[in-house]
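The next block holds one structure in the form of structure tokens; read it before the comments.
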Amino acid sequence: MLVNEIPSVVARELGIRPAQVEATARLLDEGNTVPFIARYRKEATGELDEEKIRSVEERVQYLRNFIKRQEEILASIAEQGKLTPEMETAIRAAAKLQELEDLYLPFRPKKRTRAQIARERGLEPLAELMLAQTMAAGDPLAVAAAYVDGEKGVASAEEALAGAQDIVAETVSERADIRAMIRKQLWSGGEIATAMAVPEAAGQEFLNYREYREPVRRIPSHRLLAVNRGERKEVLKVELATAHEANIDMVARAVVTRPSIFADCLRAAVADGYKRLLFPSLEREIRNQLTENSEKQAIRVFGLNLRQLLLAPPLAGHTVMGLDPGYRTGCKMAVISPTGAVLTTSTLYITASDNQRRQAAETVLAAVKRHGVTLVSIGNGTASYETEEFVAGLIASHGLAVRYLIANEAGASVYSASKLAKDELPDLDVTLRGAVSIARRVEDPLAELVKIDPKSIGVGQYQHDVDQKELGATLTNVVESCVNHVGVELNTASAELLTYVAGINASVAKNIVARRDESGPFADRKQLLKVPRLGQATFTQCAGFLRLAGGVNPLDNTPVHPESYHLAAAILAKLGFTVSDLADREKLTKLQGELPKADAAALAAALGAGEPTVRDILAALAKPGRDPREDLPPPLTRKNIVKLSDLAVGSVVRGTVHNVTDFGVFVDIGVKTNGLVHRSELSDRPFRHPLDVVSVGDVIDCLILGIDEGRGRISLSLKKAKGK
């Protein structure tokens, strides 16, 4: 493959045009960020979205590395003096890295193998003679006797023959065509087989895998990762099961092609090479590939779940009481204002004595009355159910105009102990900071959750068993995408939130906050250029994603990029308005009435602009300062608690999707245990993954299929609930 062939190859893979690949690769090479390219370079890329742009980035980089590896391999073989025209043609024709490495395997520098030792003893000519299969009559030992050499360590004809067989075993095992043949066989007919490596009592977590077999080609990612975990904990023994004898016969038929006095020797060498070299190598390769595929799937699911969690609609305007439940150390309480300021904190002992429970009730009621609390956010950790009972009881017995919800508290303790939390809340004990986080993540999930390592937000499956570097990179991309999708208020955003804005790194984010603290609020986007280390290139990347609600220029509170302000003004003029009209409520209402009639194509043609950019500007002008999360349904809040004993099989309950995995969906239905909708109960329509049906945060109605109080399991059905 040549470098200039990359655009056409990637375009064919992704179903787009080569020109789109070329433009996207060029923009990325110039240092532009993915969110910026997706939002502000639509004409160049043909309106590729972020997912496609990242796919182009990944595939272009892969193919560039592939070509680089091709050249390295060709140079290495040429340096050994073994590069033939046929080998060069085969290497240049290779389309996959695996195929390339198979071709290089015989030439790869190795440690001193048995075959290498045999070569050093001068036995390679004998091995070549065996493989040539030209001798139809004679005694193999008599032929091998000619290679006996005491000085080289070959004491007998038997040793010479054995050494030659070692060379044959390695040569056959490294043949690209044979490796491809057995690899295909293992993928199509192999099975992952497991057995307990410890007594069953010591491996309760993995009892489902005590006598487990599943075809390689069908094993789902979550089961493969579970098997790997069991093996890593030395609870399970895992192997790739296959018909070894049939595989050996297959290889032998490919090697032994004619009658020869060495036929039996070749078959013995083939069997030895298969068992000692070929199968172990391919078993490692296939299991590594299975693991890599499973990890990619797990990371993908985590990323999609995280995106839904981050883009959950904020419950703005509430004074929120955050409760971080606990038994021994008590339940931590923090009340925050609609702007996130901490109003009061306390520790409640609601699972202790009646007197302490009464004191806790008095503290909560006083805080609700004094600060006008309208929403309670309860963490879903230890003692969550008891805390929910306590809050629901107070609401009912005192007729409080308050609702509550259960918040995912994952990562709250990580945030509480962080330097960031200490800097933000220096006067609060570490335990109380968690309650503040639980309250704030309801008011604005995105702004609060960006302060926590994405890996600590528990909305994935087997996230601790996957490649942590790959997981971290993917989740960072998700957070970056969400932050730039929503936009960031420049005068209130934390440094942590600003770090995820396109083009802004940690040091520039700190400089923005420092300048804001020293010189007061920014009046317009252009003032960003006065921030140390924020030059024109960074400004170009970030400006469109930063908002100024009270800025001098009303366009600063829209996604319109400063480079398109002149175009936005021209569009407004065509419609009979000016930029200043955006700040006038009456004129803005008139403008919003005119915008649906605007013809983006005609305006683009008249103004000599790109139609995608004109469409985006029209959408931005329609709702200055709009938060795209406003379009989503709000989270489910409650006033009454549901007990497990209240539930009945066959009844329909409403709940919030808490986590989505490959095998099903966990739903918070208001009891201590999340219910599970197995993927078989999600929909009557075909789907590839549960995420095609529901997302984290969705409010859904489910039919209760079964309740196992002893094991704390609730089985739900989404598809059967729709028929009720």
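In the structure tokens, chains take the letters A, B, ... in the order shown, each chain's residues start at 1, and ligands count up from 1 in the order shown.
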Could you give me the residues within region 107-289 of chain A that DSSP places in strand (DSSP E), as a tab-separated table (two decimals) with C-alpha atoms, in the first residue's frame?
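Written output follows (states.tsv):
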chain	number	residue	atom	x	y	z
A	191	GLU	CA	-14.17	-23.07	21.72
A	192	ILE	CA	-13.25	-21.26	24.92
A	193	ALA	CA	-13.39	-23.93	27.62
A	194	THR	CA	-13.10	-23.34	31.35
A	195	ALA	CA	-12.91	-25.39	34.54
A	196	MET	CA	-12.57	-24.54	38.21
A	211	GLU	CA	-17.83	-26.43	33.14
A	212	TYR	CA	-18.28	-23.84	30.44
A	213	ARG	CA	-17.66	-24.02	26.70
A	214	GLU	CA	-18.60	-21.49	24.04
A	215	PRO	CA	-17.57	-21.14	20.39
A	236	LEU	CA	-10.50	-20.68	36.50
A	237	LYS	CA	-8.42	-22.72	34.09
A	238	VAL	CA	-9.00	-21.52	30.54
A	239	GLU	CA	-8.04	-23.09	27.23
A	240	LEU	CA	-8.82	-22.84	23.55
A	241	ALA	CA	-10.36	-26.24	22.79
ask   = Contacts of His561 (chain A) at 7 Å or less, counting only C-alpha atoms, minus same-chain residues fewer than 4 places along, as a PyMOL selection string?
value = chain A and resi 543-544+565
request  = With a distance cut-off of 6 Å and only C-alpha atoms, select the neighbouring residues of region 375-379 of chain A, excluding the residue or stretch itself and same-chain residues fewer than 2 positions from it, and output the selection as a list in words.
outcome  = Val320, Met321, Gly322, Leu323, Asp324, Val373, Gly381, Val402, Arg403, Tyr404, Leu405, Ile406, Ala407, Glu409 and Ala439 of chain A
Could you please take those selected residues and save C-alpha atoms as a PDB file, in the first residue's frame?
ATOM      1  CA  VAL A 320     -30.992  21.077  46.653  1.00  0.00           C
ATOM      2  CA  MET A 321     -30.264  19.029  49.749  1.00  0.00           C
ATOM      3  CA  GLY A 322     -27.603  16.431  49.045  1.00  0.00           C
ATOM      4  CA  LEU A 323     -27.518  13.357  51.274  1.00  0.00           C
ATOM      5  CA  ASP A 324     -24.526  11.022  51.308  1.00  0.00           C
ATOM      6  CA  VAL A 373     -35.254  23.262  49.804  1.00  0.00           C
ATOM      7  CA  GLY A 381     -24.570   3.838  48.170  1.00  0.00           C
ATOM      8  CA  VAL A 402     -40.291  18.625  48.264  1.00  0.00           C
ATOM      9  CA  ARG A 403     -39.460  15.802  45.915  1.00  0.00           C
ATOM     10  CA  TYR A 404     -36.439  13.512  45.963  1.00  0.00           C
ATOM     11  CA  LEU A 405     -34.444  11.387  43.581  1.00  0.00           C
ATOM     12  CA  ILE A 406     -31.708   8.796  43.864  1.00  0.00           C
ATOM     13  CA  ALA A 407     -28.437  10.053  42.373  1.00  0.00           C
ATOM     14  CA  GLU A 409     -22.924   8.766  43.758  1.00  0.00           C
ATOM     15  CA  ALA A 439     -26.339  17.776  45.325  1.00  0.00           C
TER      16      ALA A 439
END
request  = Once DSSP has gone over the backbone, tell me which residues of region 105-339 of chain A are in helix (DSSP H, G or I), as an NGL selection string.
outcome  = :A and (105-107 or 114-120 or 124-132 or 140-147 or 150-152 or 157-173 or 176-189 or 200-202 or 204-209 or 221-232 or 244-255 or 263-310)
request  = Write out as a ChimeraX atom specification the residues lying within 8 Å of Gly675 (chain A), counting only C-alpha atoms and excluding same-chain residues fewer than 3 positions away.
outcome  = /A:666-669,713-716
Keeping N, CA and C atoms, export the residues of the selection given above as a PDB file, in the first residue's frame.
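As a result, part00.pdb now contains:
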ATOM      1  N   PHE A 666     -30.001  -2.311  33.858  1.00  0.00           N
ATOM      2  CA  PHE A 666     -30.332  -2.192  35.278  1.00  0.00           C
ATOM      3  C   PHE A 666     -31.189  -0.944  35.478  1.00  0.00           C
ATOM      4  N   VAL A 667     -32.318  -1.143  36.180  1.00  0.00           N
ATOM      5  CA  VAL A 667     -33.294  -0.065  36.330  1.00  0.00           C
ATOM      6  C   VAL A 667     -33.563   0.199  37.810  1.00  0.00           C
ATOM      7  N   ASP A 668     -33.478   1.470  38.207  1.00  0.00           N
ATOM      8  CA  ASP A 668     -33.836   1.882  39.561  1.00  0.00           C
ATOM      9  C   ASP A 668     -35.345   2.094  39.595  1.00  0.00           C
ATOM     10  N   ILE A 669     -36.050   1.197  40.295  1.00  0.00           N
ATOM     11  CA  ILE A 669     -37.512   1.306  40.365  1.00  0.00           C
ATOM     12  C   ILE A 669     -37.966   1.769  41.747  1.00  0.00           C
ATOM     13  N   ARG A 713     -32.957 -10.158  43.842  1.00  0.00           N
ATOM     14  CA  ARG A 713     -33.027  -9.990  42.391  1.00  0.00           C
ATOM     15  C   ARG A 713     -34.456  -9.716  41.943  1.00  0.00           C
ATOM     16  N   ILE A 714     -34.569  -8.761  41.029  1.00  0.00           N
ATOM     17  CA  ILE A 714     -35.869  -8.424  40.446  1.00  0.00           C
ATOM     18  C   ILE A 714     -35.732  -8.504  38.935  1.00  0.00           C
ATOM     19  N   SER A 715     -36.549  -9.333  38.314  1.00  0.00           N
ATOM     20  CA  SER A 715     -36.526  -9.487  36.855  1.00  0.00           C
ATOM     21  C   SER A 715     -37.631  -8.649  36.250  1.00  0.00           C
ATOM     22  N   LEU A 716     -37.280  -7.862  35.229  1.00  0.00           N
ATOM     23  CA  LEU A 716     -38.226  -6.945  34.614  1.00  0.00           C
ATOM     24  C   LEU A 716     -38.339  -7.199  33.114  1.00  0.00           C
TER      25      LEU A 716
END
key: Contacts of Asp631 (chain A) within 12 Å, only C-alpha atoms, excl. fewer than 5 positions in-chain, as a PyMOL selection string   = chain A and resi 311-314+486+626
Restricting it to C-alpha atoms, dump the selection as a compact mmCIF listing (two decimals), in the first residue's frame.
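selection-v3.txt, freshly written:
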# COMPACT_ATOMS: atom_id res chain seq x y z
CA LEU A 311 -25.92 15.01 29.02
CA ALA A 312 -28.66 14.40 31.58
CA PRO A 313 -30.83 17.55 31.79
CA PRO A 314 -29.94 19.80 34.70
CA VAL A 486 -23.43 21.86 25.43
CA ARG A 626 -29.97 27.70 24.53
inquiry  = I'd like the neighbourhood of Ile16 (chain A) as JSON, numbers by chain, where a residue qualifies if any of its atoms comes within 10 Å (using only C-alpha atoms), though same-chain residues fewer than 6 positions away should be ignored.
reply    = {"A": [7, 8, 10, 46, 48, 52, 56]}
Write out as a compact mmCIF listing (two decimals) with C-alpha atoms, in the first residue's frame which residues come within 8 Å of Asp698 (chain A) when counting only C-alpha atoms, dropping same-chain ones fewer than 5 positions away.
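The file below, around38.txt, is the result:
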# COMPACT_ATOMS: atom_id res chain seq x y z
CA PRO A 635 -35.11 12.94 35.61
CA THR A 656 -34.83 5.16 35.68
CA VAL A 657 -32.21 3.32 33.63
key: Shortest interatomic distance to Ala367 (chain A) - which of A:Leu703, A:Met333, A:Ala132, A:Ile350, counting only C-alpha atoms   = A:Met333
query = So how far away is CA of Thr540 (chain A) from CA of Leu567 (chain A), in Å?
reply =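 Interatomic distance, CA of Leu567 (chain A) to CA of Thr540 (chain A): 16.3 Å.
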